[in-house]
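Asks: Here you go, this is structure31.txt (compact mmCIF, C-alpha atoms and all ligand atoms).
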```txt
# COMPACT_ATOMS: atom_id res chain seq x y z
CA MET A 164 277.80 -23.93 107.04
CA LYS A 165 279.60 -21.12 105.21
CA ASP A 166 282.77 -23.27 105.04
CA GLU A 167 280.96 -25.77 102.86
CA TYR A 168 281.02 -23.14 100.11
CA LEU A 169 284.05 -21.03 101.02
CA LYS A 170 287.71 -21.99 101.12
CA LEU A 171 290.55 -19.69 102.11
CA SER A 172 294.11 -20.48 101.03
CA PRO A 173 296.48 -21.25 103.92
CA GLU A 174 298.23 -17.90 103.36
CA VAL A 175 294.96 -15.94 103.50
CA ALA A 176 293.71 -17.92 106.51
CA ARG A 177 296.96 -17.13 108.35
CA ALA A 178 296.76 -13.43 107.49
CA ARG A 179 293.17 -13.37 108.78
CA ALA A 180 294.08 -15.07 112.04
CA ASP A 181 296.95 -12.58 112.52
CA ARG A 182 294.67 -9.63 111.61
CA LYS A 183 297.03 -8.65 108.81
CA ALA A 184 296.11 -6.56 105.80
CA ILE A 185 294.59 -8.53 102.90
CA VAL A 186 293.68 -7.33 99.40
CA ALA A 187 291.10 -9.20 97.32
CA LEU A 188 291.74 -9.42 93.57
CA GLU A 189 289.18 -10.44 90.96
CA SER A 190 289.55 -13.07 88.25
CA THR A 191 287.18 -11.95 85.46
CA ILE A 192 289.94 -9.63 84.35
CA ILE A 193 292.18 -12.72 84.07
CA SER A 194 289.73 -15.00 82.24
CA HIS A 195 287.66 -12.53 80.21
CA GLY A 196 289.34 -9.12 80.37
CA LEU A 197 292.91 -9.71 79.19
CA PRO A 198 294.51 -12.03 76.60
CA TYR A 199 296.97 -14.83 77.41
CA PRO A 200 299.83 -14.60 78.42
CA GLU A 201 299.45 -11.01 79.65
CA ASN A 202 296.56 -12.11 81.88
CA LEU A 203 298.66 -14.66 83.76
CA GLU A 204 301.67 -12.35 84.01
CA THR A 205 299.41 -9.63 85.39
CA ALA A 206 297.66 -11.91 87.89
CA LEU A 207 301.08 -12.89 89.27
CA ALA A 208 302.40 -9.31 89.15
CA LEU A 209 299.39 -8.00 91.11
CA GLU A 210 299.99 -10.53 93.86
CA GLY A 211 303.65 -9.50 93.93
CA ILE A 212 302.80 -5.81 94.24
CA VAL A 213 300.39 -6.46 97.12
CA ARG A 214 303.06 -8.49 98.95
CA GLN A 215 305.68 -5.81 98.34
CA GLU A 216 303.43 -3.33 100.15
CA GLY A 217 303.17 -5.63 103.15
CA ALA A 218 299.69 -7.06 102.53
CA THR A 219 298.47 -10.53 101.54
CA PRO A 220 296.88 -10.99 98.10
CA ALA A 221 293.67 -13.00 97.81
CA THR A 222 292.66 -13.71 94.22
CA VAL A 223 289.08 -14.96 94.08
CA ALA A 224 287.42 -17.55 91.80
CA ILE A 225 284.91 -20.38 91.98
CA LEU A 226 286.46 -23.81 91.49
CA ALA A 227 284.87 -27.23 91.91
CA GLY A 228 281.87 -26.04 93.85
CA ARG A 229 283.62 -23.69 96.25
CA ILE A 230 284.31 -19.97 96.40
CA ARG A 231 288.08 -19.82 96.66
CA VAL A 232 289.83 -16.89 98.30
CA GLY A 233 293.56 -17.07 97.60
CA LEU A 234 294.71 -19.27 94.71
CA GLU A 235 297.73 -21.40 93.82
CA VAL A 236 299.79 -20.59 90.71
CA GLU A 237 298.36 -23.62 88.86
CA GLU A 238 294.86 -22.33 89.55
CA LEU A 239 295.74 -18.90 88.19
CA GLU A 240 297.11 -20.68 85.09
CA LEU A 241 293.85 -22.55 84.72
CA LEU A 242 291.86 -19.32 84.89
CA ALA A 243 294.20 -17.67 82.37
CA THR A 244 294.07 -20.47 79.81
CA GLY A 245 290.88 -22.46 80.45
CA LYS A 246 288.25 -22.31 77.72
CA ASP A 247 285.38 -23.36 79.99
CA VAL A 248 285.69 -20.64 82.63
CA LEU A 249 282.33 -18.95 83.25
CA LYS A 250 281.87 -15.31 84.28
CA ALA A 251 280.20 -15.13 87.68
CA SER A 252 278.38 -12.11 89.05
CA ARG A 253 276.19 -12.19 92.20
CA ARG A 254 273.32 -14.04 90.57
CA ASP A 255 275.49 -16.75 89.03
CA ILE A 256 277.09 -17.91 92.27
CA PRO A 257 274.40 -20.33 93.56
CA ALA A 258 274.02 -22.39 90.37
CA ILE A 259 277.77 -22.48 89.71
CA LEU A 260 278.42 -23.75 93.24
CA ALA A 261 275.67 -26.35 93.09
CA ARG A 262 276.87 -27.67 89.73
CA GLY A 263 280.52 -27.72 90.71
CA LEU A 264 281.47 -25.52 87.75
CA ARG A 265 284.45 -23.24 87.26
CA ALA A 266 284.08 -19.47 87.12
CA ALA A 267 285.99 -16.24 87.27
CA THR A 268 284.43 -13.67 89.56
CA THR A 269 283.42 -10.14 88.53
CA VAL A 270 283.62 -7.15 90.85
CA SER A 271 280.20 -7.98 92.33
CA ALA A 272 281.00 -11.64 93.02
CA THR A 273 284.49 -10.81 94.29
CA MET A 274 283.03 -8.29 96.74
CA ILE A 275 280.69 -10.98 98.07
CA ALA A 276 283.57 -13.44 98.48
CA ALA A 277 285.79 -10.82 100.11
CA HIS A 278 283.06 -9.96 102.60
CA LEU A 279 282.46 -13.64 103.45
CA ALA A 280 286.20 -13.97 104.09
CA GLY A 281 286.39 -10.81 106.21
CA ILE A 282 288.44 -8.85 103.64
CA LYS A 283 287.80 -5.13 103.48
CA VAL A 284 289.80 -3.89 100.49
CA PHE A 285 289.69 -5.02 96.86
CA ALA A 286 291.53 -3.88 93.74
CA THR A 287 290.24 -4.12 90.17
CA GLY A 288 290.88 -2.31 86.88
CA GLY A 289 287.65 -0.49 86.14
CA ILE A 290 284.27 -1.34 87.60
CA GLY A 291 281.27 -2.13 85.44
CA GLY A 292 278.65 0.61 85.22
CA VAL A 293 275.78 2.02 83.21
CA HIS A 294 276.28 1.10 79.56
CA ARG A 295 275.74 3.66 76.81
CA GLY A 296 272.20 3.30 75.56
CA ALA A 297 271.07 1.82 78.88
CA GLN A 298 267.91 3.95 78.56
CA GLN A 299 266.88 1.34 75.95
CA THR A 300 268.84 -1.79 76.89
CA PHE A 301 268.63 -1.54 80.73
CA ASP A 302 272.26 -2.75 80.77
CA VAL A 303 273.56 -1.62 84.14
CA SER A 304 276.35 -3.69 85.67
CA ALA A 305 275.53 -5.62 88.84
CA ASP A 306 278.78 -4.11 90.18
CA LEU A 307 276.88 -0.92 91.03
CA THR A 308 274.11 -2.53 93.07
CA GLU A 309 276.72 -4.66 94.83
CA LEU A 310 278.56 -1.51 95.89
CA ALA A 311 275.31 -0.38 97.51
CA LYS A 312 275.02 -3.59 99.57
CA THR A 313 278.35 -5.16 100.42
CA PRO A 314 280.87 -3.50 102.75
CA VAL A 315 284.10 -3.66 100.76
CA ALA A 316 286.25 -0.73 99.60
CA VAL A 317 286.96 -1.09 95.86
CA VAL A 318 289.95 0.61 94.27
CA CYS A 319 289.51 1.21 90.53
CA ALA A 320 290.66 3.56 87.77
CA GLY A 321 287.11 4.81 87.30
CA ALA A 322 284.48 2.98 85.32
CA LYS A 323 285.51 1.53 81.97
CA ALA A 324 285.62 4.02 79.08
CA ILE A 325 283.11 1.94 77.11
CA LEU A 326 280.40 3.04 79.58
CA ASP A 327 278.23 6.10 80.10
CA LEU A 328 280.26 7.75 82.86
CA PRO A 329 277.85 10.57 83.81
CA LEU A 330 275.00 8.06 84.22
CA THR A 331 277.27 5.70 86.16
CA LEU A 332 278.04 8.48 88.66
CA GLU A 333 274.34 9.42 88.91
CA TYR A 334 273.47 5.80 89.65
CA LEU A 335 276.15 5.57 92.35
CA GLU A 336 274.80 8.75 93.91
CA THR A 337 271.26 7.34 93.99
CA LEU A 338 272.56 4.15 95.61
CA GLY A 339 274.41 6.16 98.25
CA VAL A 340 277.84 4.83 97.34
CA PRO A 341 280.70 7.13 98.35
CA VAL A 342 283.07 7.90 95.44
CA TRP A 343 286.41 9.36 96.43
CA GLY A 344 289.20 10.54 94.16
CA TYR A 345 292.73 9.58 95.14
CA GLN A 346 294.74 12.75 94.64
CA THR A 347 292.20 13.89 92.06
CA GLY A 348 289.03 15.98 92.12
CA VAL A 349 287.60 14.41 88.95
CA PHE A 350 286.36 10.93 88.12
CA PRO A 351 289.02 9.11 86.07
CA ALA A 352 287.96 7.48 82.79
CA PHE A 353 289.98 4.22 82.90
CA TYR A 354 292.42 4.75 79.97
CA THR A 355 292.55 8.50 80.69
CA ARG A 356 292.88 10.45 83.92
CA ASP A 357 290.10 12.97 83.55
CA SER A 358 286.49 12.35 82.52
CA GLY A 359 285.65 16.01 83.16
CA LEU A 360 283.15 14.85 85.81
CA PRO A 361 283.86 16.42 89.20
CA LEU A 362 283.93 14.39 92.43
CA ASP A 363 282.86 15.82 95.79
CA TYR A 364 285.78 14.39 97.74
CA ARG A 365 289.44 14.44 96.85
CA MET A 366 291.51 12.31 99.25
CA GLU A 367 295.19 13.08 99.60
CA ASP A 368 296.55 9.94 101.24
CA GLU A 369 295.84 6.43 102.52
CA LEU A 370 295.22 7.63 106.07
CA GLU A 371 292.47 10.02 105.01
CA ILE A 372 290.85 7.23 103.01
CA ALA A 373 291.18 4.67 105.82
CA ARG A 374 289.62 7.08 108.34
CA ALA A 375 286.66 7.78 106.09
CA ILE A 376 286.15 4.05 105.44
CA GLN A 377 286.17 3.47 109.17
CA ALA A 378 283.64 6.27 109.76
CA LYS A 379 281.18 4.75 107.29
CA TRP A 380 281.36 1.27 108.77
CA ASP A 381 281.51 2.44 112.40
CA LEU A 382 278.14 4.07 111.74
CA GLY A 383 276.78 0.78 110.45
CA GLN A 384 276.10 2.20 106.99
CA GLU A 385 275.69 -0.76 104.68
CA GLY A 386 277.52 -1.01 101.38
CA GLY A 387 280.89 -0.39 99.84
CA ILE A 388 283.05 2.51 98.82
CA LEU A 389 284.56 3.35 95.46
CA ILE A 390 288.07 4.77 95.44
CA ALA A 391 288.96 6.23 92.05
CA ASN A 392 292.68 6.10 91.29
CA PRO A 393 293.64 7.62 87.93
CA ILE A 394 295.95 5.76 85.54
CA PRO A 395 299.56 7.05 85.97
CA PRO A 396 300.26 10.07 83.68
CA GLN A 397 302.94 8.24 81.71
CA ASP A 398 300.52 5.41 80.83
CA GLU A 399 297.46 7.45 79.92
CA LEU A 400 296.10 7.27 76.35
CA ASP A 401 294.92 10.09 74.12
CA GLN A 402 291.30 10.91 74.90
CA THR A 403 290.20 11.64 71.33
CA MET A 404 291.77 8.40 70.13
CA VAL A 405 290.00 6.44 72.88
CA GLN A 406 286.61 7.98 72.04
CA GLY A 407 287.08 7.08 68.38
CA VAL A 408 287.87 3.42 68.96
CA VAL A 409 285.17 3.06 71.64
CA SER A 410 282.55 4.32 69.13
CA GLN A 411 283.84 1.89 66.53
CA ALA A 412 283.80 -1.07 68.97
CA LEU A 413 280.29 -0.19 70.19
CA LYS A 414 279.05 -0.06 66.59
CA GLU A 415 280.49 -3.49 65.89
CA ALA A 416 278.94 -4.93 69.07
CA ASP A 417 275.57 -3.58 68.01
CA GLN A 418 275.89 -4.94 64.45
CA GLN A 419 276.86 -8.38 65.77
CA GLY A 420 274.14 -8.42 68.43
CA ILE A 421 276.58 -8.81 71.34
CA ARG A 422 274.72 -8.35 74.63
CA GLY A 423 274.62 -9.16 78.32
CA LYS A 424 277.73 -10.55 80.02
CA HIS A 425 279.52 -10.95 76.66
CA LEU A 426 279.48 -7.23 75.86
CA THR A 427 282.28 -5.99 78.14
CA PRO A 428 284.80 -8.73 77.15
CA PHE A 429 283.96 -8.18 73.45
CA LEU A 430 284.53 -4.43 73.70
CA LEU A 431 287.82 -4.75 75.62
CA ASP A 432 289.12 -7.22 73.05
CA ARG A 433 288.11 -5.05 70.08
CA LEU A 434 289.72 -1.96 71.65
CA LYS A 435 292.96 -3.89 72.02
CA ASP A 436 292.96 -4.85 68.33
CA LEU A 437 291.80 -1.44 67.07
CA THR A 438 294.63 0.30 68.96
CA GLY A 439 297.35 -2.24 68.17
CA GLY A 440 297.55 -3.17 71.86
CA LEU A 441 297.65 0.33 73.35
CA THR A 442 294.53 -0.19 75.49
CA LEU A 443 295.98 -3.47 76.73
CA GLN A 444 299.17 -1.74 77.89
CA ALA A 445 297.13 0.97 79.62
CA ASN A 446 294.89 -1.63 81.29
CA LEU A 447 297.93 -3.49 82.67
CA ALA A 448 299.43 -0.28 84.04
CA LEU A 449 296.27 0.94 85.74
CA VAL A 450 295.40 -2.33 87.42
CA LYS A 451 298.90 -2.59 88.92
CA ASN A 452 298.61 0.99 90.12
CA ASN A 453 295.31 0.06 91.79
CA ALA A 454 296.75 -3.03 93.49
CA ARG A 455 299.48 -0.86 95.03
CA LEU A 456 297.07 1.73 96.38
CA ALA A 457 294.67 -0.96 97.65
CA ALA A 458 297.50 -2.64 99.57
CA ARG A 459 298.54 0.67 101.15
CA ILE A 460 294.96 1.38 102.18
CA ALA A 461 294.55 -2.15 103.58
CA VAL A 462 297.75 -1.81 105.63
CA THR A 463 296.68 1.60 106.96
CA LEU A 464 293.19 0.32 107.77
CA SER A 465 294.56 -2.71 109.61
CA ARG A 466 296.50 -0.36 111.91
CA LEU A 467 293.42 1.76 112.67
CA ILE A 468 291.06 -1.07 113.53
N1 LIG B 1 288.41 -4.22 85.06
C1 LIG B 1 289.24 -4.47 84.01
N2 LIG B 1 288.90 -5.48 83.16
C2 LIG B 1 287.78 -6.27 83.35
C3 LIG B 1 286.90 -6.00 84.45
C4 LIG B 1 287.28 -4.96 85.27
O1 LIG B 1 290.26 -3.77 83.84
O2 LIG B 1 287.52 -7.18 82.55
C5 LIG B 1 285.66 -6.87 84.68
C6 LIG B 1 285.23 -6.84 86.15
O3 LIG B 1 285.18 -8.16 86.61
C7 LIG B 1 283.85 -6.23 86.14
C8 LIG B 1 283.34 -6.69 84.81
O4 LIG B 1 283.06 -6.65 87.21
O5 LIG B 1 284.49 -6.46 83.96
C9 LIG B 1 282.10 -5.93 84.39
O6 LIG B 1 281.32 -6.75 83.57
P1 LIG B 1 279.82 -6.31 83.18
O7 LIG B 1 280.00 -5.01 82.45
O8 LIG B 1 279.31 -7.41 82.30
O9 LIG B 1 279.06 -6.16 84.46
MN MN B 2 275.77 -5.93 81.74
```
Output the structure of this file as C-alpha cells.

Replies:
Amino acid sequence: MKDEYLKLSPEVARARADRKAIVALESTIISHGLPYPENLETALALEGIVRQEGATPATVAILAGRIRVGLEVEELELLATGKDVLKASRRDIPAILARGLRAATTVSATMIAAHLAGIKVFATGGIGGVHRGAQQTFDVSADLTELAKTPVAVVCAGAKAILDLPLTLEYLETLGVPVWGYQTGVFPAFYTRDSGLPLDYRMEDELEIARAIQAKWDLGQEGGILIANPIPPQDELDQTMVQGVVSQALKEADQQGIRGKHLTPFLLDRLKDLTGGLTLQANLALVKNNARLAARIAVTLSRLI
C-alpha cells in the first residue's frame, strides 16, 4: 500500500536492508532556497559528505506521483533547474501525489518521507519557525508542528535569521520538542553562531546525542528532535550586518505583499543580493557542516540500536 506512493533508490534500499546509517536530505533548499548552479553543486556536495562519513545519503522529493527517497543525479539536476517544481510541506503531499506533479520537499515533508522510509536522521540548513509579526499574520512554519509529531532527528544551524527566534523556541517548548546544542549552550542564529538565547542542553559529542535520541524513542515519546549545530566560526557573518539586511528584506516583502510559502524563498534571495552573496556563502557552509554532523550521528545511532 505504502509502496504505491513511496520509492526508495536502490542504494537507500540496500542500506536499509543492511541496517546501515542513512541521512535524509531535503530538496526545497535546492529548488527554492539556493540559486543555480550553487544549488546543484551543494546537493551533490552534501551527498558526498554523508558518504565520506560512512553513511548513505537520501535526498527526498516528489516526482511523478511518488515520494522518492534517494535520487539520481539527473533528478537532482531537474530539481535545481526546473521552473515548475512546487514546494511541498505536509499538507501539499496528497494532492501532489494524486496529480502526479513534481515538488521539492520542505523540512516537514522530508521528515514524513524519512519516517516512512525508516530513516532516523535528517540534515537541513535552518528550519522554518515563527515568523516576525506572527502575532498578526499567524505565519508559523509547519516544520515546527512536524517536529512535534514525526520521530526524526533534524540537524540544523538554528532557525533562519529572518524569523522570530525567541518565539520559535517558545513554540518548540510548548510542543515538547527537545532542542540540543552541539558543542554550544546557545541557540545558533543560522548565519551567526549565537542568538543570545540559552539552551537547556549542550551536547558534547555524537554519542551523547545518539544516547539521548535513543532514550526518547525507547520511551515511546512521539515526535522529533532538533539538534542545533552552529555555523563554523570562519564562515559566520557579522550580526549587525545580518540584522540590517534582514530588516530591509522584510520591509520589501511587506511592501510587495509576499506571503505564505513564497515568503521564505523571497527573503533568502533578497538577502543574497543585498549582501553581494555573503549570505549565500554562509548558507552553503552551514548546510555542509550539518550534513557532516548528521552523518556522524546516524553512524553512531546505527551502532547503538
Ligand atoms: N534551510 C535552508 N534553506 C531553505 C530551507 C531550509 O538553508 O530554503 C527551507 C526548508 O525546506 C524549510 C523551509 O522547511 O525552508 C521553510 O519554509 P517555510 O518558512 O515556508 O515553512
Ligand atoms: Mn509560512

Asks: Go through A:Ala458, A:Ala187, A:Ala272, A:Met404 and flag the residue nearest ligand LIG 1 (chain B), using only C-alpha atoms and all ligand atoms for the distances.

Replies: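 Selected residue with least distance to ligand LIG 1 (chain B): A:Ala272.
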
Asks: So which residues are near ligand LIG 1 (chain B), meaning at most 7 Å away with only C-alpha atoms and all ligand atoms counted, given back as a VMD selection string?

Replies: chain A and resid 189 to 192 195 to 197 268 to 271 287 to 292 304 to 306 423 to 428 446 450

Asks: With only C-alpha atoms as the atoms that count, which of A:Leu338, A:Ala227, A:Ala184, A:Leu203 lies nearest to Thr313 in chain A?

Replies: A:Leu338

Asks: One decimal, in Å: what's the spacing between CA of Gly281 in chain A and CA of Ala221 in chain A?

Replies: 11.3 Å

Asks: Separation of CA of Ser252 in chain A and CA of Arg182 in chain A, in Å?

Replies: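 If I compute the distance from CA of Ser252 in chain A to CA of Arg182 in chain A, I get 27.9 Å.
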
Asks: Grab the CA of Pro257 in chain A to CA of Leu310 in chain A distance for me, in Å with one decimal place.

Replies: 19.4 Å

Asks: If we count all atoms listed in the file and set the cut-off at 9 Å, which residues sit around range 167-179 of chain A, ignoring sequence neighbours fewer than 5 positions away in its own chain? Please answer as a list in words.

Replies: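 My reading of the contact set: Ala184, Ile185, Ala218, Thr219, Pro220, Ala221, Gly228, Arg229, Ile230, Arg231, Val232, Gly233, Leu234, Glu235, Leu260, Ala276, Leu279, Ala280, Gly281 and Ile282 of chain A.
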
Asks: Smallest atom-to-atom distance to ligand MN 2 (chain B): which of A:Asp327, A:Glu399, A:Asp302, A:Glu240, using only C-alpha atoms and all ligand atoms?

Replies: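 With only C-alpha atoms and all ligand atoms as the atom set, the closest residue is A:Asp302.
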
Asks: With distances taken over all atoms listed in the file, which residue among A:Thr331, A:Gln411, A:Thr300, A:Gln384 lies nearest ligand MN 2 (chain B)?

Replies: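 Looking only at the distances to ligand MN 2 (chain B), the closest residue turns out to be A:Thr300.
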
Asks: I'd like to know which of A:Ile225, A:Ala243, A:Leu362, A:Leu335 is closest to Ile259 in chain A, using all atoms listed in the file.

Replies: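 Result for the nearest residue to Ile259 in chain A: A:Ile225.
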
Asks: Could you complete range 308-319 of chain A so that it carries all heavy atoms, and give it back as a PDB file, keeping the file's coordinate frame?

Replies:
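New file selection22.pdb:
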```
ATOM      1  N   THR A 308     275.019  -2.177  91.975  1.00  0.00           N
ATOM      2  CA  THR A 308     274.110  -2.530  93.070  1.00  0.00           C
ATOM      3  C   THR A 308     274.857  -3.273  94.181  1.00  0.00           C
ATOM      4  O   THR A 308     274.503  -3.167  95.349  1.00  0.00           O
ATOM      5  CB  THR A 308     272.932  -3.382  92.552  1.00  0.00           C
ATOM      6  OG1 THR A 308     273.427  -4.294  91.597  1.00  0.00           O
ATOM      7  CG2 THR A 308     271.877  -2.499  91.903  1.00  0.00           C
ATOM      8  N   GLU A 309     275.913  -3.984  93.803  1.00  0.00           N
ATOM      9  CA  GLU A 309     276.720  -4.660  94.830  1.00  0.00           C
ATOM     10  C   GLU A 309     277.399  -3.636  95.727  1.00  0.00           C
ATOM     11  O   GLU A 309     277.493  -3.810  96.954  1.00  0.00           O
ATOM     12  CB  GLU A 309     277.764  -5.555  94.167  1.00  0.00           C
ATOM     13  CG  GLU A 309     278.274  -6.647  95.084  1.00  0.00           C
ATOM     14  CD  GLU A 309     277.159  -7.570  95.531  1.00  0.00           C
ATOM     15  OE1 GLU A 309     276.395  -8.053  94.687  1.00  0.00           O
ATOM     16  OE2 GLU A 309     277.042  -7.792  96.752  1.00  0.00           O
ATOM     17  N   LEU A 310     277.904  -2.569  95.109  1.00  0.00           N
ATOM     18  CA  LEU A 310     278.560  -1.510  95.890  1.00  0.00           C
ATOM     19  C   LEU A 310     277.592  -0.901  96.905  1.00  0.00           C
ATOM     20  O   LEU A 310     278.008  -0.412  97.959  1.00  0.00           O
ATOM     21  CB  LEU A 310     279.113  -0.428  94.963  1.00  0.00           C
ATOM     22  CG  LEU A 310     280.462  -0.765  94.327  1.00  0.00           C
ATOM     23  CD1 LEU A 310     280.709   0.091  93.089  1.00  0.00           C
ATOM     24  CD2 LEU A 310     281.595  -0.579  95.344  1.00  0.00           C
ATOM     25  N   ALA A 311     276.299  -0.936  96.586  1.00  0.00           N
ATOM     26  CA  ALA A 311     275.310  -0.380  97.510  1.00  0.00           C
ATOM     27  C   ALA A 311     275.077  -1.299  98.710  1.00  0.00           C
ATOM     28  O   ALA A 311     274.608  -0.858  99.753  1.00  0.00           O
ATOM     29  CB  ALA A 311     273.996  -0.153  96.776  1.00  0.00           C
ATOM     30  N   LYS A 312     275.404  -2.582  98.557  1.00  0.00           N
ATOM     31  CA  LYS A 312     275.020  -3.590  99.570  1.00  0.00           C
ATOM     32  C   LYS A 312     276.165  -4.103 100.422  1.00  0.00           C
ATOM     33  O   LYS A 312     275.990  -4.384 101.599  1.00  0.00           O
ATOM     34  CB  LYS A 312     274.466  -4.830  98.848  1.00  0.00           C
ATOM     35  CG  LYS A 312     273.058  -4.699  98.359  1.00  0.00           C
ATOM     36  CD  LYS A 312     272.507  -6.059  97.980  1.00  0.00           C
ATOM     37  CE  LYS A 312     272.768  -6.362  96.536  1.00  0.00           C
ATOM     38  NZ  LYS A 312     271.601  -6.550  95.712  1.00  0.00           N
ATOM     39  N   THR A 313     277.312  -4.335  99.793  1.00  0.00           N
ATOM     40  CA  THR A 313     278.350  -5.160 100.420  1.00  0.00           C
ATOM     41  C   THR A 313     279.520  -4.302 100.898  1.00  0.00           C
ATOM     42  O   THR A 313     280.075  -3.527 100.108  1.00  0.00           O
ATOM     43  CB  THR A 313     278.813  -6.228  99.404  1.00  0.00           C
ATOM     44  OG1 THR A 313     277.653  -6.973  99.037  1.00  0.00           O
ATOM     45  CG2 THR A 313     279.841  -7.176  99.989  1.00  0.00           C
ATOM     46  N   PRO A 314     279.884  -4.418 102.169  1.00  0.00           N
ATOM     47  CA  PRO A 314     280.870  -3.500 102.750  1.00  0.00           C
ATOM     48  C   PRO A 314     282.333  -3.832 102.411  1.00  0.00           C
ATOM     49  O   PRO A 314     283.067  -4.368 103.230  1.00  0.00           O
ATOM     50  CB  PRO A 314     280.620  -3.627 104.258  1.00  0.00           C
ATOM     51  CG  PRO A 314     280.084  -5.002 104.433  1.00  0.00           C
ATOM     52  CD  PRO A 314     279.324  -5.334 103.180  1.00  0.00           C
ATOM     53  N   VAL A 315     282.722  -3.482 101.204  1.00  0.00           N
ATOM     54  CA  VAL A 315     284.100  -3.660 100.760  1.00  0.00           C
ATOM     55  C   VAL A 315     284.512  -2.379 100.041  1.00  0.00           C
ATOM     56  O   VAL A 315     283.718  -1.819  99.283  1.00  0.00           O
ATOM     57  CB  VAL A 315     284.220  -4.881  99.808  1.00  0.00           C
ATOM     58  CG1 VAL A 315     285.619  -5.000  99.238  1.00  0.00           C
ATOM     59  CG2 VAL A 315     283.826  -6.170 100.524  1.00  0.00           C
ATOM     60  N   ALA A 316     285.734  -1.919 100.295  1.00  0.00           N
ATOM     61  CA  ALA A 316     286.250  -0.730  99.600  1.00  0.00           C
ATOM     62  C   ALA A 316     286.926  -1.185  98.310  1.00  0.00           C
ATOM     63  O   ALA A 316     287.827  -2.025  98.339  1.00  0.00           O
ATOM     64  CB  ALA A 316     287.243   0.003 100.491  1.00  0.00           C
ATOM     65  N   VAL A 317     286.479  -0.656  97.178  1.00  0.00           N
ATOM     66  CA  VAL A 317     286.960  -1.090  95.860  1.00  0.00           C
ATOM     67  C   VAL A 317     287.814   0.004  95.234  1.00  0.00           C
ATOM     68  O   VAL A 317     287.346   1.128  95.035  1.00  0.00           O
ATOM     69  CB  VAL A 317     285.771  -1.434  94.939  1.00  0.00           C
ATOM     70  CG1 VAL A 317     286.276  -1.886  93.571  1.00  0.00           C
ATOM     71  CG2 VAL A 317     284.887  -2.511  95.569  1.00  0.00           C
ATOM     72  N   VAL A 318     289.056  -0.347  94.932  1.00  0.00           N
ATOM     73  CA  VAL A 318     289.950   0.610  94.270  1.00  0.00           C
ATOM     74  C   VAL A 318     289.924   0.335  92.770  1.00  0.00           C
ATOM     75  O   VAL A 318     290.163  -0.796  92.334  1.00  0.00           O
ATOM     76  CB  VAL A 318     291.400   0.478  94.799  1.00  0.00           C
ATOM     77  CG1 VAL A 318     292.322   1.466  94.090  1.00  0.00           C
ATOM     78  CG2 VAL A 318     291.443   0.688  96.317  1.00  0.00           C
ATOM     79  N   CYS A 319     289.616   1.364  91.989  1.00  0.00           N
ATOM     80  CA  CYS A 319     289.510   1.210  90.530  1.00  0.00           C
ATOM     81  C   CYS A 319     290.068   2.459  89.862  1.00  0.00           C
ATOM     82  O   CYS A 319     290.351   3.446  90.524  1.00  0.00           O
ATOM     83  CB  CYS A 319     288.055   1.006  90.132  1.00  0.00           C
ATOM     84  SG  CYS A 319     287.066   2.493  90.385  1.00  0.00           S
TER      85      CYS A 319
END
```
